[in-house]
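Since the structure comes first, as structure tokens, the remarks are kept for the end.
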Amino acid sequence: MKADRYLTWAARAGCWLRRSFPLPALLLCATLAHAADPALEAQFASGLKEEGLAGAVWSEVLPDGTVRVGASGLRDVSRLIPMQADTRVQVGSVGKVALALGVLRLVSEDRLTLDTPLQQVLPELALKNPWQASDPVRIRHLLAHTSGLDNVRLWQAFSLHPAPQTPLAEAFEGGRNLLRVRARPGSRYAYSNMGYGLLGMLIEKVTGQPYERYLDAQLLQPLGMADSTFGFVTQMSTPMSTPAGAQLDPRLAMGHFEHGVAQPAVPQYLRPAAQFTTTAADMGKLAQFLMGDGKLQGKRFIDLALMGALSEPAGTDAVQAGLATGHGLALAVRDRHNVVGACHPGTTVGFRAMLCFYPEQGSAFFVAFNADVEQADYERFNRLLLRDLALPLRAPAPQGTPAPTLENWQGVYVPSPSPMASLAWVDAVFGFTRLKWDGESLFLIPFQGEPKELEPVGGLLFRASDRSMPSHVLLQDDGKHILSDGLRNYERVSMLRLLVLWGSLALGVLGLLYVLVVGVWRAALRGLGRGDHLFAPLLSLLALLLPAPLFYFQSYLSLGDVSIASVLLALLTGTLPLAVAFGLARCWRSRGTAAEAGSWAKWDWVALLAALQLLLVLAWWGLLPLRLWQL
């Protein structure tokens with residue numbers, strides 16, 4: 001206890017020095033970091049076990065500048081190595097916060113401006129922007145995810161081809177429409193890993209060196225983050241499996257998936273968007289800087305105005321309509337558990353992470369897990385840290401008078417723009433939500449997920465019951481009805497359009513089921529001859545099972561690569577419509593002998609026609625043939 005008091009006094013003295021000598025004091029506060037509360041460690045240990053997670057590290061920044069770090073669980077499940085507070089972890093997109101600071105450092109040095117058009121720095125990009133004349137993609141748009149660019153393609157995220165030093169430009173050699181702008185730049189938030197990949201290229205063009213080397217030396221080193229790097233680090237140790245140029249780190253935790261399956265890190269195409277290795281203590285230092293005035297050792301490092309814009313949404317239609325939630329230049333406003341802060345989540349191979357800071361209270365937390373388990377409740381650990389920080393709770397925004405025209409906003413809404421343009425059909429059919437006004441509350445009724453009640457707080461602003469500030473806004477853009485929560489946008493579409501899509505899907509599935517069930521039944525009873533209407537369609541449908549064992553034995557991380565399995569899948573999904581059309585042609589040729597074929601002939605015709613129309617719709621939306629390496 002006496003030692004803890006001495007450390008607390010020393011930490012307070014160091015934080016007093018921070019006002020005059022920011023960098024030395026910041027390092028002092030971090031050096032004198034406390035161990036986590038044993039009660040909190042016990043709660044983490046219990047939570048990790050219940051959620052099926054391997055291990056976790058975390059740090060907390062207190063108002064007096066003290067940094068507490070903790071660890072629980074296992075660093076490597078297979079070898080039963082315990083997680084320690086100084087264990088290094090990979091944090092995925094949390095690294096975007098640090099990369100954004102690197103870009104803002106260049107802006108502060110007058111080597112860029114936030115309004116610099118992207119193509120002015122990278123004219124070689126095949127950017128397709130319909131609004132280029134009036135609204136080019138600017139640096140601020142890439143930072144704030146308002147560029148209108150797609151998020152990521154399957155082959156960019158799941159590939160074993162890239163090496164640690166693969167040129168960043170190779171991530172954008174996937175066709176003419178890869179860099180197509182799908183919303184007016186600056187108007188709507190749409191998370192884009194590709195946008196941060198372009199920021200990495202921009203740093204390299206401006207500095208003349210690899211972005212990893214520049215950021216490690218010019219950002220992380222001044223911040224005192226000696227245990228962090230943008231360079232590629234992996235846990236692999238065998239010569240046959242270690243990528244050339246990889247840095248092996250014995251302190252790096254092993255990533256895990258469900259059932260404790262270990263997965264070493266692999267290089268990525270879009271590495272500026274998700275490649276960052278750090279420790280809990282280093283993230284405490286980063287959080288302290290984020291809550292500061294942008295100075296190091298009394299000198300300007302990042303302009304104060306830019307620091308203020310890190311988590312301040314600006315410029316989007318939703319912001320102009322009065323919504324305060326959204327994404328700033330590096331972080332998003334996060335309203336959870338009656339506490340509002342600025343946060344950024346992260347996911348990468350076998351890891352999950354979250355960074356949040358609360359500048360009004362001078363508090364922050366970082367937490368990282370070396371397991372990516374889909375059904376795990378990671379939010380419970382955020383609640384534990386918030387409770388441990390004892391942040392003051394915020395009173396919910398009071399109800400207000402809603403706009404008198406709310407009935408006109410009822411209808412069906414689909415994501416706009418879709419997170420992945422290549423999967424827009426999937427979003428339209430399965431990702432829609434229904435908006436209903438009952439005279440007192442607005443109800444969001446998604447096709448997948450629980451309904452959500454929104455209370456009016458005035459005009460077209462609404463608050464979800466689990467939020468403390470306005471969380472949704474209704475607005476119009478070029479005559480279109482838009483629902484936005486600052487981080488997701490939905491556009492109202494014609495019910496007739498969706499009915500056509502749903503009807504097409506239902507009829508197509510029924511048709512394919514008919515081919516499968518009736519075709520197998522006929523084959524079992526009397527043999528399915530080559531002249532049967534269903535022979536070719538059934539054979540083509542059953543052939544879709546052939547790639548399954550090939551996919552099973554290849555790494556899921558190569559899902560977007562050209563492989564025997566993916567090529568076979570493309571060929572089989574491409575021939576399926578042809579086989580169904582061939583069956584229809586047989587029906588047509590045998591129409592005069594339908595009586596001989598029995599009453600099944602007309603049902604064969606109907607089923608094959610229903611199946612063919614769905615396959616043609618999928619082909620129109622770019623999903624057939626299914627070429628995973630182009631998704």
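Labels for the structure tokens follow display order: chains A, B, ..., residues from 1 in each chain, ligands from 1.
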
Q | Contacts of Asp388 of chain A at 12 Å (only C-alpha atoms; same-chain gap of 4+ positions) as a list in words | A |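 Surrounding residues, per the criterion: Ala36, Asp37, Pro38, Ala39, Leu40, Glu41, Gln43, Phe44, Ser59, Glu60, Val61, Leu62, Arg68, Ser363, Ala364, Phe365, Phe381, Asn382, Arg383, Leu384 and Pro392 of chain A.
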
Q. Looking only at the backbone, which of the residues in segment 95-274 of chain A does DSSP tag as helix (DSSP H, G or I), as a ChimeraX atom specification?
A. /A:95-108,118-121,139-144,154-157,168-172,193-207,211-220,258-260,271-274

Preceding selection exported with C-alpha atoms as a CSV table (one decimal), in the first residue's frame:
chain,number,residue,atom,x,y,z
A,95,GLY,CA,-3.8,1.2,-36.2
A,96,LYS,CA,-5.8,3.6,-38.5
A,97,VAL,CA,-5.8,6.1,-35.6
A,98,ALA,CA,-2.0,6.2,-35.5
A,99,LEU,CA,-1.7,6.3,-39.3
A,100,ALA,CA,-4.2,9.2,-39.4
A,101,LEU,CA,-1.9,11.0,-36.9
A,102,GLY,CA,1.0,10.4,-39.3
A,103,VAL,CA,-1.0,12.1,-42.1
A,104,LEU,CA,-2.0,15.0,-39.9
A,105,ARG,CA,1.7,15.4,-39.0
A,106,LEU,CA,2.4,15.9,-42.7
A,107,VAL,CA,-0.4,18.5,-42.8
A,108,SER,CA,1.0,20.2,-39.7
A,118,LEU,CA,-6.0,12.8,-53.9
A,119,GLN,CA,-5.3,12.7,-57.6
A,120,GLN,CA,-3.1,15.8,-57.3
A,121,VAL,CA,-0.7,13.6,-55.2
A,139,ILE,CA,-7.4,13.9,-48.0
A,140,ARG,CA,-10.0,14.7,-45.4
A,141,HIS,CA,-12.5,12.4,-47.1
A,142,LEU,CA,-10.1,9.4,-46.9
A,143,LEU,CA,-9.3,10.1,-43.2
A,144,ALA,CA,-13.0,10.4,-42.3
A,154,LEU,CA,-12.4,-10.3,-50.9
A,155,TRP,CA,-9.1,-10.8,-52.7
A,156,GLN,CA,-7.6,-7.7,-50.9
A,157,ALA,CA,-8.5,-9.1,-47.5
A,168,LEU,CA,0.9,-0.9,-52.1
A,169,ALA,CA,-0.1,-0.1,-55.7
A,170,GLU,CA,-0.7,-3.9,-56.2
A,171,ALA,CA,-3.8,-3.6,-54.0
A,172,PHE,CA,-5.5,-1.5,-56.6
A,193,ASN,CA,-10.1,0.1,-45.9
A,194,MET,CA,-9.2,0.9,-49.4
A,195,GLY,CA,-9.2,4.6,-48.5
A,196,TYR,CA,-6.6,4.0,-45.8
A,197,GLY,CA,-4.5,1.9,-48.2
A,198,LEU,CA,-4.4,5.0,-50.4
A,199,LEU,CA,-3.3,7.1,-47.5
A,200,GLY,CA,-0.4,4.7,-47.1
A,201,MET,CA,0.5,5.3,-50.8
A,202,LEU,CA,0.1,9.1,-50.2
A,203,ILE,CA,2.6,9.0,-47.3
A,204,GLU,CA,5.1,7.2,-49.4
A,205,LYS,CA,4.7,9.6,-52.3
A,206,VAL,CA,5.1,12.7,-50.1
A,207,THR,CA,8.0,11.3,-47.9
A,211,TYR,CA,5.2,4.4,-45.0
A,212,GLU,CA,6.1,1.9,-42.3
A,213,ARG,CA,9.6,3.3,-42.0
A,214,TYR,CA,8.4,6.9,-42.0
A,215,LEU,CA,5.7,6.4,-39.3
A,216,ASP,CA,7.9,4.3,-37.1
A,217,ALA,CA,10.6,7.0,-37.0
A,218,GLN,CA,8.6,10.2,-37.3
A,219,LEU,CA,5.5,9.3,-35.3
A,220,LEU,CA,6.0,6.4,-33.0
A,258,GLU,CA,-13.1,-20.5,-32.5
A,259,HIS,CA,-12.1,-23.6,-30.4
A,260,GLY,CA,-8.6,-22.1,-29.8
A,271,ARG,CA,-1.6,-3.2,-44.8
A,272,PRO,CA,-1.9,0.5,-44.0
A,273,ALA,CA,-5.5,-0.2,-43.0
A,274,ALA,CA,-4.9,-3.0,-40.5

Q: Determine, counting only C-alpha atoms, which protein, DNA and RNA residues have an atom within 12 Å of an atom of segment 459-466 of chain A; residues of the same chain fewer than 3 positions away are not included. Present the result as number ranges by chain.
A: A: 318-325, 334-340, 394-409, 437, 440-444, 451-456, 469-476, 481-486

Q: Tell me, as number ranges by chain, which residues lie within 7 Å of Gln235 of chain A, counting only C-alpha atoms; anything in the same chain fewer than 4 positions away does not count.
A: A: 248-250, 252, 254, 264-265

Q. Could you name the residues that touch Leu498 of chain A at 9 Å or less, counting only C-alpha atoms, but leaving out those on the same chain fewer than 6 positions away, as a ChimeraX atom specification?
A. /A:412,428-429

Using all heavy atoms, can you write the selected residues to a file as a CSV table (one decimal), in the first residue's frame?
chain,number,residue,atom,x,y,z
A,412,VAL,N,-39.4,0.9,-46.7
A,412,VAL,CA,-38.3,0.0,-46.7
A,412,VAL,C,-37.0,0.7,-47.1
A,412,VAL,O,-37.0,1.4,-48.2
A,412,VAL,CB,-38.6,-1.3,-47.5
A,412,VAL,CG1,-37.4,-2.2,-47.5
A,412,VAL,CG2,-39.8,-1.9,-47.1
A,428,ALA,N,-29.3,-5.7,-50.5
A,428,ALA,CA,-30.7,-5.3,-50.8
A,428,ALA,C,-31.7,-6.4,-50.4
A,428,ALA,O,-32.7,-6.1,-49.9
A,428,ALA,CB,-30.8,-5.1,-52.4
A,429,VAL,N,-31.3,-7.7,-50.6
A,429,VAL,CA,-32.3,-8.7,-50.3
A,429,VAL,C,-32.3,-9.1,-48.8
A,429,VAL,O,-33.4,-9.4,-48.3
A,429,VAL,CB,-31.9,-10.0,-51.2
A,429,VAL,CG1,-32.8,-11.2,-50.8
A,429,VAL,CG2,-32.1,-9.7,-52.6

**Q.** Between atom CA of Ala536 of chain A and atom CA of Leu512 of chain A - distance in Å to one decimal
**A.**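 These atoms are spaced 12.5 Å apart.
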
(Q) So that I can see what lies close to Asp532 of chain A, please list as a count of residues only the residues with an atom at most 12 Å from it, counting only C-alpha atoms and leaving out residues fewer than 5 positions away in the same chain. (A) 23

Q) Leaving out Arg182 of chain A and any residue of its chain fewer than 4 positions from it, which residues lie within 8 Å of it when counting only C-alpha atoms, given as a list of chain:residue names? A) A:Asn129, A:Gly148, A:Leu149, A:Asp150, A:Pro417

Could you please take those selected residues and save C-alpha atoms as a PDB file, in the first residue's frame?
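Just written: out-v7.pdb:
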ATOM      1  CA  ASN A 129     -15.460   9.894 -59.649  1.00  0.00           C
ATOM      2  CA  GLY A 148     -17.436   7.205 -51.349  1.00  0.00           C
ATOM      3  CA  LEU A 149     -14.963   4.417 -52.146  1.00  0.00           C
ATOM      4  CA  ASP A 150     -15.734   0.746 -51.604  1.00  0.00           C
ATOM      5  CA  PRO A 417     -23.861   2.746 -50.391  1.00  0.00           C
TER       6      PRO A 417
END

Q. Residues of segment 269-507 of chain A in strand (DSSP E or B) according to DSSP, as number ranges by chain?
A. A: 277-278, 295-296, 299-300, 327, 332-336, 339-348, 351-358, 363-369, 400-402, 411-415, 433-437, 442-446, 452-459, 461-464, 472-477, 480-484, 489-493

**Q.** Distance in Å - atom CA of Leu385 of chain A versus atom CA of Phe366 of chain A
**A.** 8.8 Å

Q. Nearest to His327 of chain A among A:Tyr189, A:Trp58, A:Trp629, A:Tyr490, with distances taken over only C-alpha atoms: which residue is it?
A. A:Tyr189

(Q) Using only C-alpha atoms for the distances, tell me which of A:Phe369, A:Phe257, A:Phe158, A:Phe289 is nearest to Val89 of chain A. (A)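 Of the candidates, the smallest distance to Val89 of chain A is held by A:Phe369.
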
(Q) I'd like to know which of A:Leu114, A:Leu122, A:Ala376, A:Leu223 is closest to Glu50 of chain A, using only C-alpha atoms. (A)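 Comparing A:Leu114, A:Leu122, A:Ala376, A:Leu223 against Glu50 of chain A, the winner is A:Ala376.
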
Q) Do you have the atom CA of Pro549 of chain A-atom CA of Leu572 of chain A distance handy? A)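 Atom-to-atom, atom CA of Pro549 of chain A and atom CA of Leu572 of chain A are spaced 14.7 Å apart.
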
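For the set A:Ser540, A:Ser422, A:Gln165, A:Gln247, the residue with the smallest atom-to-atom gap to Leu571 of chain A is A:Ser540, counting only C-alpha atoms.
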
Against segment 76-87 of chain A, which residues of segment 320-420 of chain A fall within 12 Å? For each one I want the closest pair of atoms and the distance in Å (one decimal), counting only C-alpha atoms, rows by chain and increasing residue number, as a tab-separated table.
residue	atom	partner	partner_atom	distance
A:Gly350	CA	A:Asp76	CA	11.5
A:Val367	CA	A:Ala85	CA	11.1
A:Ala368	CA	A:Thr87	CA	10.6
A:Phe369	CA	A:Met83	CA	10.1
A:Asn370	CA	A:Asp76	CA	8.7
A:Ala371	CA	A:Val77	CA	10.1
